[in-house]
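*Asks:* mmCIF, N, CA and C atoms, file run.cif:
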```cif
data_upload
loop_
_atom_site.label_atom_id
_atom_site.label_comp_id
_atom_site.auth_asym_id
_atom_site.auth_seq_id
_atom_site.Cartn_x
_atom_site.Cartn_y
_atom_site.Cartn_z
N MET A 33 57.78 4.68 -28.13
CA MET A 33 58.00 3.27 -28.22
C MET A 33 58.55 2.81 -26.88
N LEU A 34 57.93 1.85 -26.26
CA LEU A 34 58.42 1.31 -25.00
C LEU A 34 59.31 0.11 -25.28
N LEU A 35 60.38 0.02 -24.52
CA LEU A 35 61.34 -1.06 -24.73
C LEU A 35 61.15 -2.17 -23.72
N ALA A 36 61.44 -3.39 -24.13
CA ALA A 36 61.41 -4.53 -23.22
C ALA A 36 62.52 -4.36 -22.19
N ALA A 37 62.32 -4.94 -21.02
CA ALA A 37 63.32 -4.85 -19.95
C ALA A 37 64.67 -5.32 -20.48
N GLY A 38 65.68 -4.56 -20.20
CA GLY A 38 67.04 -4.92 -20.61
C GLY A 38 67.45 -4.42 -21.98
N THR A 39 66.48 -4.02 -22.80
CA THR A 39 66.81 -3.60 -24.16
C THR A 39 67.67 -2.35 -24.16
N LEU A 40 67.31 -1.37 -23.36
CA LEU A 40 68.07 -0.12 -23.31
C LEU A 40 69.51 -0.39 -22.86
N GLY A 41 69.67 -1.20 -21.84
CA GLY A 41 71.01 -1.53 -21.37
C GLY A 41 71.83 -2.25 -22.43
N SER A 42 71.21 -3.18 -23.13
CA SER A 42 71.91 -3.89 -24.20
C SER A 42 72.32 -2.95 -25.31
N CYS A 43 71.42 -2.04 -25.68
CA CYS A 43 71.73 -1.06 -26.73
C CYS A 43 72.88 -0.16 -26.28
N ARG A 44 72.84 0.28 -25.03
CA ARG A 44 73.88 1.16 -24.52
C ARG A 44 75.24 0.46 -24.57
N ILE A 45 75.30 -0.80 -24.15
CA ILE A 45 76.55 -1.57 -24.18
C ILE A 45 77.06 -1.70 -25.61
N PHE A 46 76.16 -2.04 -26.53
CA PHE A 46 76.56 -2.18 -27.93
C PHE A 46 77.11 -0.87 -28.47
N LEU A 47 76.40 0.22 -28.23
CA LEU A 47 76.83 1.52 -28.75
C LEU A 47 78.16 1.97 -28.14
N GLU A 48 78.37 1.67 -26.87
CA GLU A 48 79.66 1.98 -26.24
C GLU A 48 80.76 1.15 -26.88
N THR A 49 80.47 -0.10 -27.22
CA THR A 49 81.45 -0.99 -27.84
C THR A 49 81.92 -0.44 -29.17
N ILE A 50 81.01 0.12 -29.94
CA ILE A 50 81.40 0.67 -31.25
C ILE A 50 81.73 2.16 -31.16
N GLU A 51 81.80 2.66 -29.94
CA GLU A 51 82.17 4.05 -29.68
C GLU A 51 81.24 5.06 -30.37
N ALA A 52 79.96 4.74 -30.36
CA ALA A 52 78.95 5.64 -30.94
C ALA A 52 78.42 6.59 -29.87
N ALA A 53 78.10 7.78 -30.28
CA ALA A 53 77.51 8.75 -29.36
C ALA A 53 76.07 8.35 -29.06
N THR A 54 75.65 8.58 -27.85
CA THR A 54 74.28 8.23 -27.46
C THR A 54 73.61 9.42 -26.79
N GLY A 55 72.33 9.36 -26.73
CA GLY A 55 71.53 10.35 -26.02
C GLY A 55 70.28 9.68 -25.51
N GLU A 56 69.83 10.05 -24.34
CA GLU A 56 68.62 9.46 -23.77
C GLU A 56 67.60 10.55 -23.52
N ARG A 57 66.36 10.13 -23.48
CA ARG A 57 65.26 11.04 -23.19
C ARG A 57 64.23 10.29 -22.37
N PRO A 58 63.29 11.00 -21.78
CA PRO A 58 62.24 10.31 -21.03
C PRO A 58 61.45 9.38 -21.94
N THR A 59 60.80 8.41 -21.37
CA THR A 59 59.99 7.48 -22.15
C THR A 59 58.75 8.19 -22.67
N LEU A 60 58.69 8.33 -23.98
CA LEU A 60 57.57 8.95 -24.67
C LEU A 60 57.27 8.14 -25.92
N ARG A 61 56.07 8.28 -26.43
CA ARG A 61 55.74 7.58 -27.68
C ARG A 61 56.39 8.28 -28.85
N GLY A 62 56.85 7.52 -29.80
CA GLY A 62 57.44 8.07 -31.02
C GLY A 62 58.93 8.29 -30.88
N LEU A 63 59.63 8.12 -31.98
CA LEU A 63 61.07 8.35 -31.97
C LEU A 63 61.33 9.85 -31.90
N MET A 64 62.24 10.25 -31.04
CA MET A 64 62.47 11.68 -30.83
C MET A 64 62.88 12.39 -32.11
N ASP A 65 63.75 11.77 -32.90
CA ASP A 65 64.19 12.48 -34.12
C ASP A 65 63.03 12.75 -35.05
N ASN A 66 62.16 11.77 -35.29
CA ASN A 66 61.00 11.98 -36.15
C ASN A 66 59.93 12.82 -35.46
N ARG A 67 59.69 12.53 -34.21
CA ARG A 67 58.57 13.14 -33.50
C ARG A 67 58.75 14.63 -33.29
N GLN A 68 59.87 15.03 -32.80
CA GLN A 68 59.98 16.41 -32.37
C GLN A 68 60.96 17.25 -33.17
N ILE A 69 61.67 16.65 -34.07
CA ILE A 69 62.67 17.43 -34.80
C ILE A 69 62.47 17.35 -36.30
N LEU A 70 62.67 16.19 -36.89
CA LEU A 70 62.73 16.09 -38.34
C LEU A 70 61.40 16.37 -39.04
N MET A 71 60.37 15.62 -38.72
CA MET A 71 59.11 15.79 -39.45
C MET A 71 58.48 17.17 -39.25
N PRO A 72 58.47 17.73 -38.04
CA PRO A 72 57.97 19.10 -37.92
C PRO A 72 58.80 20.11 -38.72
N PHE A 73 60.11 19.90 -38.78
CA PHE A 73 61.00 20.77 -39.54
C PHE A 73 60.65 20.71 -41.03
N LEU A 74 60.50 19.50 -41.56
CA LEU A 74 60.15 19.33 -42.97
C LEU A 74 58.76 19.93 -43.25
N ASN A 75 57.83 19.67 -42.37
CA ASN A 75 56.46 20.15 -42.55
C ASN A 75 56.41 21.68 -42.52
N GLU A 76 57.16 22.30 -41.63
CA GLU A 76 57.18 23.76 -41.57
C GLU A 76 57.79 24.36 -42.83
N ALA A 77 58.77 23.68 -43.40
CA ALA A 77 59.34 24.15 -44.66
C ALA A 77 58.29 24.10 -45.77
N VAL A 78 57.48 23.05 -45.78
CA VAL A 78 56.41 22.95 -46.78
C VAL A 78 55.38 24.05 -46.55
N HIS A 79 55.02 24.30 -45.29
CA HIS A 79 54.10 25.40 -44.99
C HIS A 79 54.66 26.73 -45.49
N ALA A 80 55.95 26.97 -45.28
CA ALA A 80 56.58 28.21 -45.73
C ALA A 80 56.48 28.34 -47.25
N LEU A 81 56.72 27.23 -47.96
CA LEU A 81 56.61 27.24 -49.42
C LEU A 81 55.17 27.53 -49.84
N GLU A 82 54.24 26.86 -49.21
CA GLU A 82 52.83 27.00 -49.58
C GLU A 82 52.30 28.39 -49.26
N GLN A 83 52.86 29.04 -48.25
CA GLN A 83 52.43 30.39 -47.87
C GLN A 83 53.16 31.48 -48.66
N GLY A 84 54.08 31.07 -49.54
CA GLY A 84 54.79 32.03 -50.36
C GLY A 84 55.89 32.78 -49.64
N VAL A 85 56.35 32.24 -48.51
CA VAL A 85 57.43 32.87 -47.75
C VAL A 85 58.69 32.96 -48.61
N ALA A 86 58.96 31.88 -49.33
CA ALA A 86 60.12 31.82 -50.23
C ALA A 86 59.93 30.65 -51.18
N GLU A 87 60.70 30.63 -52.25
CA GLU A 87 60.70 29.50 -53.19
C GLU A 87 61.46 28.33 -52.56
N ALA A 88 61.27 27.15 -53.11
CA ALA A 88 61.90 25.93 -52.57
C ALA A 88 63.41 26.08 -52.46
N GLU A 89 64.03 26.59 -53.52
CA GLU A 89 65.49 26.72 -53.53
C GLU A 89 65.97 27.64 -52.41
N ALA A 90 65.24 28.72 -52.18
CA ALA A 90 65.63 29.66 -51.12
C ALA A 90 65.47 29.04 -49.74
N ILE A 91 64.38 28.33 -49.52
CA ILE A 91 64.16 27.66 -48.23
C ILE A 91 65.29 26.67 -47.96
N ASP A 92 65.62 25.87 -48.96
CA ASP A 92 66.69 24.88 -48.79
C ASP A 92 68.05 25.53 -48.60
N THR A 93 68.32 26.61 -49.33
CA THR A 93 69.60 27.30 -49.19
C THR A 93 69.74 27.89 -47.79
N ILE A 94 68.68 28.49 -47.29
CA ILE A 94 68.71 29.05 -45.93
C ILE A 94 69.02 27.95 -44.91
N ALA A 95 68.38 26.80 -45.05
CA ALA A 95 68.61 25.71 -44.11
C ALA A 95 70.03 25.15 -44.24
N ARG A 96 70.50 24.99 -45.48
CA ARG A 96 71.85 24.46 -45.67
C ARG A 96 72.90 25.39 -45.10
N LEU A 97 72.79 26.66 -45.42
CA LEU A 97 73.80 27.62 -44.98
C LEU A 97 73.61 28.03 -43.52
N GLY A 98 72.38 28.25 -43.13
CA GLY A 98 72.11 28.72 -41.77
C GLY A 98 72.26 27.66 -40.70
N PHE A 99 71.94 26.41 -41.05
CA PHE A 99 72.00 25.33 -40.07
C PHE A 99 73.13 24.34 -40.35
N ALA A 100 73.90 24.59 -41.41
CA ALA A 100 74.98 23.70 -41.82
C ALA A 100 74.48 22.28 -42.10
N HIS A 101 73.30 22.19 -42.70
CA HIS A 101 72.77 20.88 -43.10
C HIS A 101 73.24 20.56 -44.51
N PRO A 102 73.50 19.30 -44.80
CA PRO A 102 73.94 18.94 -46.15
C PRO A 102 72.83 19.08 -47.19
N LEU A 103 71.58 18.95 -46.77
CA LEU A 103 70.42 19.10 -47.65
C LEU A 103 69.42 20.01 -46.97
N GLY A 104 68.71 20.79 -47.76
CA GLY A 104 67.62 21.56 -47.20
C GLY A 104 66.44 20.67 -46.91
N PRO A 105 65.45 21.15 -46.16
CA PRO A 105 64.33 20.30 -45.76
C PRO A 105 63.46 19.81 -46.91
N LEU A 106 63.30 20.61 -47.95
CA LEU A 106 62.47 20.16 -49.08
C LEU A 106 63.20 19.12 -49.92
N ALA A 107 64.49 19.32 -50.14
CA ALA A 107 65.28 18.30 -50.85
C ALA A 107 65.35 17.01 -50.04
N LEU A 108 65.44 17.14 -48.72
CA LEU A 108 65.46 15.95 -47.87
C LEU A 108 64.13 15.22 -47.92
N ALA A 109 63.04 15.97 -47.91
CA ALA A 109 61.71 15.33 -48.04
C ALA A 109 61.60 14.59 -49.36
N ASP A 110 62.11 15.20 -50.44
CA ASP A 110 62.12 14.52 -51.73
C ASP A 110 62.93 13.23 -51.67
N LEU A 111 64.05 13.25 -50.97
CA LEU A 111 64.90 12.06 -50.84
C LEU A 111 64.20 10.97 -50.03
N ILE A 112 63.58 11.34 -48.94
CA ILE A 112 62.86 10.37 -48.10
C ILE A 112 61.68 9.79 -48.87
N GLY A 113 61.01 10.64 -49.62
CA GLY A 113 59.78 10.27 -50.32
C GLY A 113 58.63 11.03 -49.67
N LEU A 114 57.93 11.82 -50.45
CA LEU A 114 56.86 12.64 -49.88
C LEU A 114 55.74 11.78 -49.32
N ASP A 115 55.49 10.63 -49.95
CA ASP A 115 54.48 9.71 -49.43
C ASP A 115 54.90 9.14 -48.09
N THR A 116 56.18 8.88 -47.94
CA THR A 116 56.70 8.36 -46.67
C THR A 116 56.59 9.43 -45.59
N CYS A 117 56.91 10.68 -45.94
CA CYS A 117 56.78 11.79 -44.98
C CYS A 117 55.34 11.92 -44.52
N VAL A 118 54.39 11.87 -45.46
CA VAL A 118 52.97 11.97 -45.10
C VAL A 118 52.58 10.82 -44.18
N ALA A 119 53.02 9.62 -44.50
CA ALA A 119 52.67 8.45 -43.68
C ALA A 119 53.20 8.60 -42.25
N ILE A 120 54.44 9.05 -42.12
CA ILE A 120 55.03 9.23 -40.79
C ILE A 120 54.27 10.31 -40.02
N MET A 121 53.96 11.41 -40.69
CA MET A 121 53.24 12.49 -40.03
C MET A 121 51.85 12.05 -39.59
N GLU A 122 51.19 11.25 -40.42
CA GLU A 122 49.85 10.76 -40.05
C GLU A 122 49.93 9.84 -38.84
N VAL A 123 50.94 8.99 -38.78
CA VAL A 123 51.11 8.11 -37.61
C VAL A 123 51.35 8.95 -36.36
N LEU A 124 52.19 9.97 -36.48
CA LEU A 124 52.44 10.85 -35.34
C LEU A 124 51.17 11.60 -34.92
N GLU A 125 50.47 12.14 -35.90
CA GLU A 125 49.25 12.89 -35.59
C GLU A 125 48.21 11.99 -34.92
N ASP A 126 47.98 10.81 -35.50
CA ASP A 126 46.98 9.89 -34.95
C ASP A 126 47.42 9.31 -33.61
N GLY A 127 48.67 8.86 -33.55
CA GLY A 127 49.17 8.20 -32.34
C GLY A 127 49.31 9.12 -31.16
N LEU A 128 49.66 10.38 -31.43
CA LEU A 128 49.86 11.34 -30.34
C LEU A 128 48.65 12.23 -30.12
N GLY A 129 47.68 12.15 -31.06
CA GLY A 129 46.48 12.96 -30.94
C GLY A 129 46.77 14.45 -30.98
N ASP A 130 47.74 14.83 -31.82
CA ASP A 130 48.18 16.22 -31.86
C ASP A 130 48.17 16.71 -33.30
N SER A 131 47.32 17.68 -33.60
CA SER A 131 47.15 18.16 -34.98
C SER A 131 48.38 18.90 -35.50
N ARG A 132 49.33 19.26 -34.64
CA ARG A 132 50.52 19.96 -35.16
C ARG A 132 51.37 19.05 -36.04
N TYR A 133 51.12 17.75 -35.98
CA TYR A 133 51.84 16.82 -36.84
C TYR A 133 51.12 16.55 -38.15
N ALA A 134 49.98 17.19 -38.37
CA ALA A 134 49.22 16.98 -39.61
C ALA A 134 50.05 17.44 -40.81
N PRO A 135 50.14 16.61 -41.84
CA PRO A 135 50.89 17.01 -43.03
C PRO A 135 50.32 18.29 -43.66
N ALA A 136 51.20 19.15 -44.12
CA ALA A 136 50.79 20.38 -44.80
C ALA A 136 49.94 20.03 -46.02
N PRO A 137 48.92 20.84 -46.31
CA PRO A 137 48.09 20.57 -47.49
C PRO A 137 48.89 20.42 -48.79
N LEU A 138 49.91 21.25 -48.98
CA LEU A 138 50.72 21.15 -50.20
C LEU A 138 51.44 19.81 -50.28
N LEU A 139 51.86 19.29 -49.15
CA LEU A 139 52.50 17.97 -49.13
C LEU A 139 51.51 16.90 -49.56
N ARG A 140 50.31 16.96 -49.04
CA ARG A 140 49.27 16.00 -49.45
C ARG A 140 48.94 16.14 -50.94
N GLU A 141 48.90 17.38 -51.43
CA GLU A 141 48.61 17.61 -52.85
C GLU A 141 49.68 16.98 -53.74
N HIS A 142 50.94 17.14 -53.36
CA HIS A 142 52.03 16.54 -54.14
C HIS A 142 51.88 15.02 -54.19
N VAL A 143 51.58 14.42 -53.05
CA VAL A 143 51.44 12.96 -53.00
C VAL A 143 50.25 12.52 -53.85
N ALA A 144 49.13 13.20 -53.73
CA ALA A 144 47.94 12.85 -54.52
C ALA A 144 48.20 12.96 -56.02
N ALA A 145 49.08 13.89 -56.40
CA ALA A 145 49.41 14.08 -57.82
C ALA A 145 50.52 13.15 -58.29
N GLY A 146 51.01 12.28 -57.40
CA GLY A 146 52.07 11.34 -57.78
C GLY A 146 53.46 11.96 -57.75
N ARG A 147 53.57 13.16 -57.23
CA ARG A 147 54.88 13.83 -57.09
C ARG A 147 55.47 13.40 -55.75
N LEU A 148 56.16 12.28 -55.75
CA LEU A 148 56.63 11.65 -54.52
C LEU A 148 58.07 11.97 -54.17
N GLY A 149 58.73 12.77 -54.98
CA GLY A 149 60.14 13.08 -54.73
C GLY A 149 61.02 12.38 -55.74
N ARG A 150 62.22 12.09 -55.34
CA ARG A 150 63.20 11.49 -56.26
C ARG A 150 62.72 10.20 -56.88
N LYS A 151 62.02 9.38 -56.11
CA LYS A 151 61.62 8.06 -56.63
C LYS A 151 60.62 8.15 -57.78
N SER A 152 59.89 9.25 -57.86
CA SER A 152 58.94 9.41 -58.97
C SER A 152 59.45 10.39 -60.03
N GLY A 153 60.59 11.02 -59.74
CA GLY A 153 61.16 11.98 -60.68
C GLY A 153 60.77 13.42 -60.40
N ARG A 154 59.74 13.63 -59.59
CA ARG A 154 59.31 14.98 -59.23
C ARG A 154 58.78 15.00 -57.82
N GLY A 155 59.07 16.08 -57.14
CA GLY A 155 58.56 16.35 -55.81
C GLY A 155 58.54 17.86 -55.68
N PHE A 156 59.34 18.37 -54.79
CA PHE A 156 59.52 19.82 -54.72
C PHE A 156 60.50 20.27 -55.79
N TYR A 157 61.26 19.31 -56.31
CA TYR A 157 62.21 19.56 -57.38
C TYR A 157 61.95 18.57 -58.51
N ASP A 158 62.44 18.87 -59.68
CA ASP A 158 62.32 18.00 -60.86
C ASP A 158 63.61 17.21 -61.03
N TYR A 159 63.50 15.89 -60.97
CA TYR A 159 64.67 15.01 -61.08
C TYR A 159 64.69 14.25 -62.39
N THR A 160 63.80 14.59 -63.30
CA THR A 160 63.68 13.81 -64.54
C THR A 160 64.89 13.92 -65.44
N SER A 161 65.66 15.00 -65.34
CA SER A 161 66.84 15.15 -66.19
C SER A 161 68.11 14.62 -65.54
N GLN A 162 67.99 14.05 -64.38
CA GLN A 162 69.19 13.54 -63.68
C GLN A 162 69.40 12.07 -63.94
#
```
Kindly present the structure from the file in structure tokens form.

*Replies:*
Amino acid sequence: MLLAAGTLGSCRIFLETIEAATGERPTLRGLMDNRQILMPFLNEAVHALEQGVAEAEAIDTIARLGFAHPLGPLALADLIGLDTCVAIMEVLEDGLGDSRYAPAPLLREHVAAGRLGRKSGRGFYDYTSQ
């Protein structure tokens, strides 16, 4: 995403005013958190599940304990919404022309089956009893 002249400076001043931590990167398309960290992380967790590397609970436990994350990647995908994850990944794949952002087949299958995560009651986990 390219910013209008002065936008970065204005954002920096605002963030300094509220004493928020900041980080900068070179100008590239796509938000860094979604582009290079979050969505590939979630997608790789789905690939691991689909390849039988481990069950969903084990994948999430490893991420929570090993990376000190409050939620594992599959539970986080359920929270975000699996349809939303697919949409973001498709935008990244199409916009960047890079197939590594293609949503995992299992993720697409869940969305096609209406298993969208917490909002539908089922995703990688069952939320119907909560």

*Asks:* Of the candidates A:Leu74, A:Gly127, A:Ala134, A:Leu47, which one gets nearest to A:Pro105 if we count all atoms listed in the file?

*Replies:* A:Leu74

*Asks:* Suppose you want the space between atom C of A:Asp126 and atom C of A:Arg154; what is it in Å?

*Replies:* 27.3 Å

*Asks:* At what distance in Å, to one decimal, does atom C of A:Leu81 lie from atom N of A:Gly153?

*Replies:*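 One can read the atom N of A:Gly153 to atom C of A:Leu81 distance as 20.0 Å.
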
*Asks:* Smallest atom-to-atom distance to A:Ala109: which of A:Val123, A:Ile50, A:Leu148, A:Cys43, using only N, CA and C atoms?

*Replies:*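 Closest to A:Ala109 of all the choices is A:Leu148.
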
*Asks:* From a DSSP pass on the backbone, collect the residues of chain A flagged as alpha helix (DSSP H) and hand them back as an NGL selection string.

*Replies:* :A and (39-49 or 64 or 71-82 or 88-99 or 105-112 or 114-128 or 137-144)

*Asks:* To one decimal place in Å, what is the distance between atom N of A:Ala119 and atom CA of A:Ala77?

*Replies:*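 These two atoms are separated by 15.8 Å.
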
*Asks:* Rank nothing, just name the residue among A:Val78, A:Arg132, A:Gly149, A:His142 nearest to A:Gly113, using only N, CA and C atoms.

*Replies:*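 Closest residue, counting only N, CA and C atoms: A:Gly149.
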
*Asks:* Taking 4 positions as the minimum chain separation for residues in the same chain, which residues sit within 6.5 Å of A:Leu111 when counting all atoms listed in the file? Answer as number ranges by chain.

*Replies:* A: 106-107, 149-150

*Asks:* Go through A:Asp158, A:Leu114, A:Leu128, A:Glu51 and flag the residue nearest A:Glu141, using only C-alpha atoms for the distances.

*Replies:* A:Leu114

*Asks:* What box, with edges along x, y and z, holds each listed atom of stretch 39-42 of chain A when 5 Å is added on every side, and can you state its centre and edge lengths in Å to one decimal, as lines of an AutoDock Vina configuration file?

*Replies:*
```
center_x = 69.4
center_y = -2.1
center_z = -23.3
size_x = 15.8
size_y = 13.9
size_z = 13.9
```

*Asks:* Generate a file for stretch 113-124 of chain A, containing all heavy atoms, as a PDB file, in the first residue's frame.

*Replies:*
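So out_28.pdb came out as:
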```
ATOM      1  N   GLY A 113     -12.188 -15.791  11.105  1.00  0.00           N
ATOM      2  CA  GLY A 113     -13.183 -16.250  10.126  1.00  0.00           C
ATOM      3  C   GLY A 113     -12.436 -16.895   8.977  1.00  0.00           C
ATOM      4  O   GLY A 113     -11.580 -16.245   8.354  1.00  0.00           O
ATOM      5  N   LEU A 114     -12.718 -18.155   8.716  1.00  0.00           N
ATOM      6  CA  LEU A 114     -11.980 -18.861   7.669  1.00  0.00           C
ATOM      7  C   LEU A 114     -12.240 -18.257   6.301  1.00  0.00           C
ATOM      8  O   LEU A 114     -11.341 -18.205   5.460  1.00  0.00           O
ATOM      9  CB  LEU A 114     -12.319 -20.350   7.694  1.00  0.00           C
ATOM     10  CG  LEU A 114     -12.055 -21.059   9.029  1.00  0.00           C
ATOM     11  CD1 LEU A 114     -12.287 -22.557   8.892  1.00  0.00           C
ATOM     12  CD2 LEU A 114     -10.676 -20.764   9.571  1.00  0.00           C
ATOM     13  N   ASP A 115     -13.448 -17.746   6.082  1.00  0.00           N
ATOM     14  CA  ASP A 115     -13.748 -17.076   4.817  1.00  0.00           C
ATOM     15  C   ASP A 115     -12.941 -15.797   4.669  1.00  0.00           C
ATOM     16  O   ASP A 115     -12.457 -15.469   3.581  1.00  0.00           O
ATOM     17  CB  ASP A 115     -15.244 -16.802   4.684  1.00  0.00           C
ATOM     18  CG  ASP A 115     -15.826 -16.017   5.846  1.00  0.00           C
ATOM     19  OD1 ASP A 115     -15.310 -16.109   6.981  1.00  0.00           O
ATOM     20  OD2 ASP A 115     -16.834 -15.307   5.634  1.00  0.00           O
ATOM     21  N   THR A 116     -12.741 -15.097   5.765  1.00  0.00           N
ATOM     22  CA  THR A 116     -11.937 -13.872   5.747  1.00  0.00           C
ATOM     23  C   THR A 116     -10.480 -14.212   5.466  1.00  0.00           C
ATOM     24  O   THR A 116      -9.817 -13.532   4.673  1.00  0.00           O
ATOM     25  CB  THR A 116     -12.077 -13.115   7.084  1.00  0.00           C
ATOM     26  OG1 THR A 116     -13.460 -12.816   7.288  1.00  0.00           O
ATOM     27  CG2 THR A 116     -11.263 -11.846   7.094  1.00  0.00           C
ATOM     28  N   CYS A 117      -9.978 -15.279   6.084  1.00  0.00           N
ATOM     29  CA  CYS A 117      -8.601 -15.720   5.828  1.00  0.00           C
ATOM     30  C   CYS A 117      -8.413 -16.058   4.360  1.00  0.00           C
ATOM     31  O   CYS A 117      -7.425 -15.635   3.736  1.00  0.00           O
ATOM     32  CB  CYS A 117      -8.251 -16.917   6.694  1.00  0.00           C
ATOM     33  SG  CYS A 117      -8.108 -16.554   8.449  1.00  0.00           S
ATOM     34  N   VAL A 118      -9.356 -16.802   3.781  1.00  0.00           N
ATOM     35  CA  VAL A 118      -9.267 -17.156   2.362  1.00  0.00           C
ATOM     36  C   VAL A 118      -9.270 -15.899   1.507  1.00  0.00           C
ATOM     37  O   VAL A 118      -8.456 -15.761   0.587  1.00  0.00           O
ATOM     38  CB  VAL A 118     -10.403 -18.117   1.946  1.00  0.00           C
ATOM     39  CG1 VAL A 118     -10.514 -18.220   0.426  1.00  0.00           C
ATOM     40  CG2 VAL A 118     -10.191 -19.491   2.547  1.00  0.00           C
ATOM     41  N   ALA A 119     -10.150 -14.963   1.814  1.00  0.00           N
ATOM     42  CA  ALA A 119     -10.231 -13.730   1.023  1.00  0.00           C
ATOM     43  C   ALA A 119      -8.919 -12.945   1.073  1.00  0.00           C
ATOM     44  O   ALA A 119      -8.441 -12.455   0.044  1.00  0.00           O
ATOM     45  CB  ALA A 119     -11.395 -12.868   1.511  1.00  0.00           C
ATOM     46  N   ILE A 120      -8.335 -12.837   2.257  1.00  0.00           N
ATOM     47  CA  ILE A 120      -7.060 -12.115   2.398  1.00  0.00           C
ATOM     48  C   ILE A 120      -5.967 -12.830   1.610  1.00  0.00           C
ATOM     49  O   ILE A 120      -5.183 -12.205   0.886  1.00  0.00           O
ATOM     50  CB  ILE A 120      -6.665 -11.979   3.880  1.00  0.00           C
ATOM     51  CG1 ILE A 120      -7.633 -11.042   4.614  1.00  0.00           C
ATOM     52  CG2 ILE A 120      -5.227 -11.467   4.020  1.00  0.00           C
ATOM     53  CD1 ILE A 120      -7.493 -11.073   6.130  1.00  0.00           C
ATOM     54  N   MET A 121      -5.914 -14.146   1.735  1.00  0.00           N
ATOM     55  CA  MET A 121      -4.883 -14.909   1.019  1.00  0.00           C
ATOM     56  C   MET A 121      -5.042 -14.789  -0.489  1.00  0.00           C
ATOM     57  O   MET A 121      -4.052 -14.692  -1.219  1.00  0.00           O
ATOM     58  CB  MET A 121      -4.912 -16.373   1.451  1.00  0.00           C
ATOM     59  CG  MET A 121      -4.420 -16.584   2.851  1.00  0.00           C
ATOM     60  SD  MET A 121      -4.614 -18.323   3.323  1.00  0.00           S
ATOM     61  CE  MET A 121      -4.527 -18.183   5.102  1.00  0.00           C
ATOM     62  N   GLU A 122      -6.281 -14.781  -0.964  1.00  0.00           N
ATOM     63  CA  GLU A 122      -6.513 -14.639  -2.404  1.00  0.00           C
ATOM     64  C   GLU A 122      -6.069 -13.262  -2.890  1.00  0.00           C
ATOM     65  O   GLU A 122      -5.477 -13.148  -3.973  1.00  0.00           O
ATOM     66  CB  GLU A 122      -7.985 -14.869  -2.727  1.00  0.00           C
ATOM     67  CG  GLU A 122      -8.397 -16.313  -2.616  1.00  0.00           C
ATOM     68  CD  GLU A 122      -9.880 -16.551  -2.801  1.00  0.00           C
ATOM     69  OE1 GLU A 122     -10.680 -15.603  -2.641  1.00  0.00           O
ATOM     70  OE2 GLU A 122     -10.237 -17.709  -3.076  1.00  0.00           O
ATOM     71  N   VAL A 123      -6.331 -12.225  -2.109  1.00  0.00           N
ATOM     72  CA  VAL A 123      -5.887 -10.878  -2.482  1.00  0.00           C
ATOM     73  C   VAL A 123      -4.364 -10.826  -2.534  1.00  0.00           C
ATOM     74  O   VAL A 123      -3.775 -10.270  -3.465  1.00  0.00           O
ATOM     75  CB  VAL A 123      -6.433  -9.818  -1.495  1.00  0.00           C
ATOM     76  CG1 VAL A 123      -5.731  -8.487  -1.657  1.00  0.00           C
ATOM     77  CG2 VAL A 123      -7.933  -9.651  -1.691  1.00  0.00           C
ATOM     78  N   LEU A 124      -3.711 -11.435  -1.543  1.00  0.00           N
ATOM     79  CA  LEU A 124      -2.248 -11.473  -1.541  1.00  0.00           C
ATOM     80  C   LEU A 124      -1.713 -12.267  -2.735  1.00  0.00           C
ATOM     81  O   LEU A 124      -0.794 -11.813  -3.429  1.00  0.00           O
ATOM     82  CB  LEU A 124      -1.733 -12.069  -0.230  1.00  0.00           C
ATOM     83  CG  LEU A 124      -1.918 -11.207   1.011  1.00  0.00           C
ATOM     84  CD1 LEU A 124      -1.599 -12.006   2.273  1.00  0.00           C
ATOM     85  CD2 LEU A 124      -1.052  -9.954   0.939  1.00  0.00           C
TER      86      LEU A 124
END
```
